[in-house]
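What follows is the content of query34.cif (mmCIF, C-alpha atoms).
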data_coords
loop_
_atom_site.group_PDB
_atom_site.id
_atom_site.type_symbol
_atom_site.label_atom_id
_atom_site.label_comp_id
_atom_site.auth_asym_id
_atom_site.auth_seq_id
_atom_site.Cartn_x
_atom_site.Cartn_y
_atom_site.Cartn_z
ATOM 1 C CA MET Z 101 111.320 -92.692 3.083
ATOM 2 C CA SER Z 102 108.710 -90.014 3.303
ATOM 3 C CA TYR Z 103 107.298 -87.854 0.561
ATOM 4 C CA LEU Z 104 109.331 -84.928 1.894
ATOM 5 C CA ASP Z 105 112.588 -86.931 1.716
ATOM 6 C CA ASP Z 106 111.822 -87.933 -1.878
ATOM 7 C CA TRP Z 107 111.041 -84.336 -2.778
ATOM 8 C CA GLU Z 108 114.285 -83.056 -1.210
ATOM 9 C CA GLU Z 109 116.309 -85.704 -3.056
ATOM 10 C CA HIS Z 110 114.622 -84.784 -6.343
ATOM 11 C CA LEU Z 111 115.237 -81.095 -5.676
ATOM 12 C CA GLU Z 112 118.923 -81.675 -4.891
ATOM 13 C CA ARG Z 113 119.360 -83.666 -8.131
ATOM 14 C CA ASN Z 114 117.719 -80.855 -10.119
ATOM 15 C CA ILE Z 115 119.903 -78.216 -8.488
ATOM 16 C CA ALA Z 116 123.066 -80.253 -9.170
ATOM 17 C CA GLU Z 117 122.003 -80.688 -12.806
ATOM 18 C CA ILE Z 118 121.269 -76.968 -13.241
ATOM 19 C CA ARG Z 119 124.638 -76.066 -11.689
ATOM 20 C CA SER Z 120 126.467 -78.479 -13.974
ATOM 21 C CA ASN Z 121 124.635 -77.209 -17.062
ATOM 22 C CA GLY Z 122 125.283 -73.625 -15.974
ATOM 23 C CA ARG Z 123 129.010 -74.286 -15.637
ATOM 24 C CA GLN Z 124 129.083 -75.838 -19.107
ATOM 25 C CA LEU Z 125 127.215 -72.881 -20.599
ATOM 26 C CA SER Z 126 129.479 -70.418 -18.829
ATOM 27 C CA LYS Z 127 132.586 -72.213 -20.099
ATOM 28 C CA ALA Z 128 131.223 -72.273 -23.662
ATOM 29 C CA ALA Z 129 130.260 -68.584 -23.490
ATOM 30 C CA SER Z 130 133.702 -67.580 -22.212
ATOM 31 C CA ALA Z 131 135.220 -69.213 -25.304
ATOM 32 C CA VAL Z 132 133.001 -67.235 -27.704
ATOM 33 C CA ARG Z 133 134.794 -64.805 -29.976
ATOM 34 C CA GLY Z 134 133.455 -62.529 -32.675
ATOM 35 C CA ARG Z 135 135.791 -61.389 -35.412
ATOM 36 C CA SER Z 136 135.642 -58.934 -38.266
ATOM 37 C CA GLU Z 137 138.245 -57.893 -40.793
ATOM 38 C CA THR Z 138 138.137 -55.055 -43.294
ATOM 39 C CA ARG Z 139 140.969 -53.772 -45.444
ATOM 40 C CA GLY Z 140 143.747 -54.786 -43.067
ATOM 41 C CA VAL Z 141 141.934 -53.931 -39.832
ATOM 42 C CA THR Z 142 140.955 -56.904 -37.661
ATOM 43 C CA VAL Z 143 138.896 -56.699 -34.470
ATOM 44 C CA GLU Z 144 138.171 -59.648 -32.199
ATOM 45 C CA VAL Z 145 135.783 -59.430 -29.241
ATOM 46 C CA ASP Z 146 134.672 -61.715 -26.424
ATOM 47 C CA ALA Z 147 131.077 -62.653 -25.602
ATOM 48 C CA SER Z 148 130.579 -59.305 -23.837
ATOM 49 C CA GLY Z 149 131.759 -57.327 -26.848
ATOM 50 C CA ASN Z 150 135.056 -56.301 -25.248
ATOM 51 C CA ILE Z 151 137.977 -56.140 -27.664
ATOM 52 C CA THR Z 152 140.373 -59.050 -27.117
ATOM 53 C CA ASN Z 153 142.547 -58.495 -30.175
ATOM 54 C CA LEU Z 154 143.078 -55.570 -32.520
ATOM 55 C CA GLN Z 155 145.346 -55.611 -35.548
ATOM 56 C CA ILE Z 156 145.972 -52.702 -37.874
ATOM 57 C CA ALA Z 157 147.992 -53.245 -41.024
ATOM 58 C CA PRO Z 158 150.785 -50.709 -41.588
ATOM 59 C CA GLY Z 159 149.046 -49.425 -44.733
ATOM 60 C CA ALA Z 160 145.968 -48.466 -42.698
ATOM 61 C CA MET Z 161 148.090 -46.050 -40.689
ATOM 62 C CA ARG Z 162 148.261 -43.806 -43.760
ATOM 63 C CA TRP Z 163 144.478 -43.388 -43.839
ATOM 64 C CA THR Z 164 142.784 -40.274 -42.545
ATOM 65 C CA ASN Z 165 141.652 -40.398 -38.942
ATOM 66 C CA THR Z 166 138.027 -40.532 -40.143
ATOM 67 C CA GLN Z 167 138.673 -43.505 -42.437
ATOM 68 C CA LEU Z 168 140.482 -45.423 -39.709
ATOM 69 C CA THR Z 169 137.891 -44.526 -37.081
ATOM 70 C CA ASN Z 170 134.964 -45.595 -39.259
ATOM 71 C CA THR Z 171 136.696 -48.839 -40.233
ATOM 72 C CA LEU Z 172 137.506 -49.664 -36.604
ATOM 73 C CA LEU Z 173 133.972 -48.904 -35.459
ATOM 74 C CA ASP Z 174 132.454 -50.909 -38.299
ATOM 75 C CA CYS Z 175 134.692 -53.912 -37.577
ATOM 76 C CA HIS Z 176 133.901 -53.665 -33.867
ATOM 77 C CA ARG Z 177 130.139 -53.588 -34.530
ATOM 78 C CA ARG Z 178 130.312 -56.593 -36.857
ATOM 79 C CA ALA Z 179 132.507 -58.562 -34.442
ATOM 80 C CA ARG Z 180 130.075 -57.792 -31.593
ATOM 81 C CA THR Z 181 127.156 -58.918 -33.742
ATOM 82 C CA GLU Z 182 128.925 -62.182 -34.549
ATOM 83 C CA ALA Z 183 129.725 -62.819 -30.874
ATOM 84 C CA ARG Z 184 126.153 -61.958 -29.851
ATOM 85 C CA THR Z 185 124.785 -64.389 -32.455
ATOM 86 C CA LYS Z 186 127.037 -67.157 -31.132
ATOM 87 C CA VAL Z 187 125.943 -66.516 -27.544
ATOM 88 C CA GLU Z 188 122.282 -66.488 -28.578
ATOM 89 C CA ARG Z 189 122.802 -69.856 -30.294
ATOM 90 C CA LEU Z 190 124.388 -71.241 -27.117
ATOM 91 C CA VAL Z 191 121.497 -69.969 -25.000
ATOM 92 C CA ARG Z 192 118.927 -71.378 -27.453
ATOM 93 C CA ASN Z 193 120.463 -74.825 -27.003
ATOM 94 C CA ALA Z 194 120.887 -74.511 -23.226
ATOM 95 C CA ASP Z 195 118.929 -76.184 -20.468
ATOM 96 C CA PRO Z 196 115.418 -74.650 -20.601
ATOM 97 C CA ARG Z 197 115.641 -73.667 -16.924
ATOM 98 C CA ILE Z 198 118.790 -71.665 -17.648
ATOM 99 C CA ARG Z 199 117.562 -70.378 -21.013
ATOM 100 C CA GLN Z 200 114.489 -68.854 -19.380
ATOM 101 C CA GLN Z 201 116.605 -66.865 -16.936
ATOM 102 C CA ALA Z 202 119.104 -65.819 -19.616
ATOM 103 C CA ASN Z 203 116.280 -64.525 -21.817
ATOM 104 C CA ARG Z 204 114.809 -62.651 -18.875
ATOM 105 C CA LEU Z 205 118.172 -60.985 -18.228
ATOM 106 C CA ARG Z 206 118.645 -60.124 -21.893
ATOM 107 C CA SER Z 207 115.209 -58.555 -22.201
ATOM 108 C CA SER Z 208 115.871 -56.301 -19.205
ATOM 109 C CA ARG Z 209 119.248 -55.158 -20.559
ATOM 110 C CA THR Z 210 119.442 -51.790 -22.256
ATOM 111 C CA ASP Z 211 122.524 -51.606 -24.451
ATOM 112 C CA PRO Z 212 121.480 -50.128 -27.788
ATOM 113 C CA GLU Z 213 123.885 -49.970 -30.680
ATOM 114 C CA PRO Z 214 125.071 -46.451 -31.434
ATOM 115 C CA SER Z 215 123.066 -45.019 -34.323
ATOM 116 C CA ARG Z 216 125.759 -42.629 -35.545
ATOM 117 C CA PRO Z 217 129.532 -42.610 -35.768
ATOM 118 C CA MET Z 218 131.186 -41.522 -32.545
ATOM 119 C CA THR Z 219 132.941 -38.171 -32.319
ATOM 120 C CA GLU Z 220 136.656 -37.983 -31.587
ATOM 121 C CA GLU Z 221 135.846 -36.932 -28.011
ATOM 122 C CA GLU Z 222 133.490 -39.909 -27.542
ATOM 123 C CA ILE Z 223 136.089 -42.285 -28.949
ATOM 124 C CA GLN Z 224 138.738 -40.881 -26.626
ATOM 125 C CA ALA Z 225 136.387 -41.146 -23.635
ATOM 126 C CA ALA Z 226 135.505 -44.758 -24.552
ATOM 127 C CA ASP Z 227 139.192 -45.618 -24.935
ATOM 128 C CA ASP Z 228 140.004 -44.021 -21.593
ATOM 129 C CA ALA Z 229 137.160 -45.915 -19.893
ATOM 130 C CA TYR Z 230 138.225 -49.214 -21.462
ATOM 131 C CA PHE Z 231 141.887 -48.877 -20.490
ATOM 132 C CA GLU Z 232 140.945 -47.720 -16.998
ATOM 133 C CA HIS Z 233 138.753 -50.824 -16.663
ATOM 134 C CA MET Z 234 141.524 -53.094 -17.956
ATOM 135 C CA ASN Z 235 144.104 -51.476 -15.669
ATOM 136 C CA ARG Z 236 141.839 -52.032 -12.649
ATOM 137 C CA ARG Z 237 141.223 -55.710 -13.400
ATOM 138 C CA GLY Z 238 144.800 -56.586 -14.301
ATOM 139 C CA TRP Z 239 144.941 -57.217 -18.080
ATOM 140 C CA ARG Z 240 144.299 -60.935 -17.943
ATOM 141 C CA PRO Z 241 142.528 -62.931 -20.699
#
For the file at hand, write its structure as structure tokens.
Amino acid sequence: MSYLDDWEEHLERNIAEIRSNGRQLSKAASAVRGRSETRGVTVEVDASGNITNLQIAPGAMRWTNTQLTNTLLDCHRRARTEARTKVERLVRNADPRIRQQANRLRSSRTDPEPSRPMTEEEIQAADDAYFEHMNRRGWRP
């Protein structure tokens, strides 16, 4: 065997290992959920921060629209934070070769948290965008 053959074999083993570790990380990340509950309102999100479950107690339906809106937004923010923390923990414990790329992607991402409560129009536009997205992709978990 030549040096080049040894190098190719080593490279193929590394690539197979990275792929396997990447699949494991991807599977673990897809199982991540963040959850927040406040006064009968429960929001659950996936690793991307998309709502996967929303429950509103009947008593919350008697609140003003502002109270319900603020509670929903607050729960959503906290659930997203929890999910983000779980994903960061997964990435911290991941294969260093994958972790480096994940950190590079995260640092280039620009997705700031809103600094103020959304207006009714913004909430309606966000709802419309979300349901349009879900309708296009087929409402699957």
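Running the PyMOL selection byres ((chain Z and resi 163-168) around 12) on this file leaves Thr138, Arg139, Gly140, Val141, Thr142, Ile156, Ala157, Pro158, Gly159, Ala160, Met161, Arg162, Thr169, Asn170, Thr171, Leu172, Leu173, Asp174, Cys175, Pro217, Met218, Thr219, Glu220 and Ile223 of chain Z selected.
Each of Z:His110, Z:Gln124, Z:Gln201, Z:His176 was compared to Z:Asn150 using only C-alpha atoms, and Z:His176 turns out to be the nearest.
With all atoms listed in the file as the atoms that count, the minimum distance from Z:Arg216 to the choices Z:Arg177, Z:Arg237, Z:Arg184, Z:Arg135 is reached by Z:Arg177.
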List, as an mmCIF file with C-alpha atoms, in the coordinates of the input, every residue that the PyMOL selection byres ((chain Z and resi 144) around 8) selects in the file provided.
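And here's part39.cif as it stands now:
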data_model
loop_
_atom_site.group_PDB
_atom_site.id
_atom_site.type_symbol
_atom_site.label_atom_id
_atom_site.label_comp_id
_atom_site.auth_asym_id
_atom_site.auth_seq_id
_atom_site.Cartn_x
_atom_site.Cartn_y
_atom_site.Cartn_z
ATOM 1 C CA ARG Z 133 134.794 -64.805 -29.976
ATOM 2 C CA GLY Z 134 133.455 -62.529 -32.675
ATOM 3 C CA ARG Z 135 135.791 -61.389 -35.412
ATOM 4 C CA SER Z 136 135.642 -58.934 -38.266
ATOM 5 C CA THR Z 142 140.955 -56.904 -37.661
ATOM 6 C CA VAL Z 143 138.896 -56.699 -34.470
ATOM 7 C CA VAL Z 145 135.783 -59.430 -29.241
ATOM 8 C CA ASP Z 146 134.672 -61.715 -26.424
ATOM 9 C CA ILE Z 151 137.977 -56.140 -27.664
ATOM 10 C CA THR Z 152 140.373 -59.050 -27.117
ATOM 11 C CA ASN Z 153 142.547 -58.495 -30.175
ATOM 12 C CA LEU Z 154 143.078 -55.570 -32.520
ATOM 13 C CA HIS Z 176 133.901 -53.665 -33.867
ATOM 14 C CA ALA Z 179 132.507 -58.562 -34.442
#
Practice problem: Enumerate, as JSON, numbers by chain, the residues matched when the PyMOL selection byres ((chain Z and resi 188) around 12) is run on the file above. | Solution: {"Z": [125, 128, 129, 132, 147, 148, 181, 182, 183, 184, 185, 186, 187, 189, 190, 191, 192, 193, 194, 199, 202, 203, 206]}
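Interatomic distance, atom CA of Z:Ile198 against atom CA of Z:Gly149: 21.4 Å.
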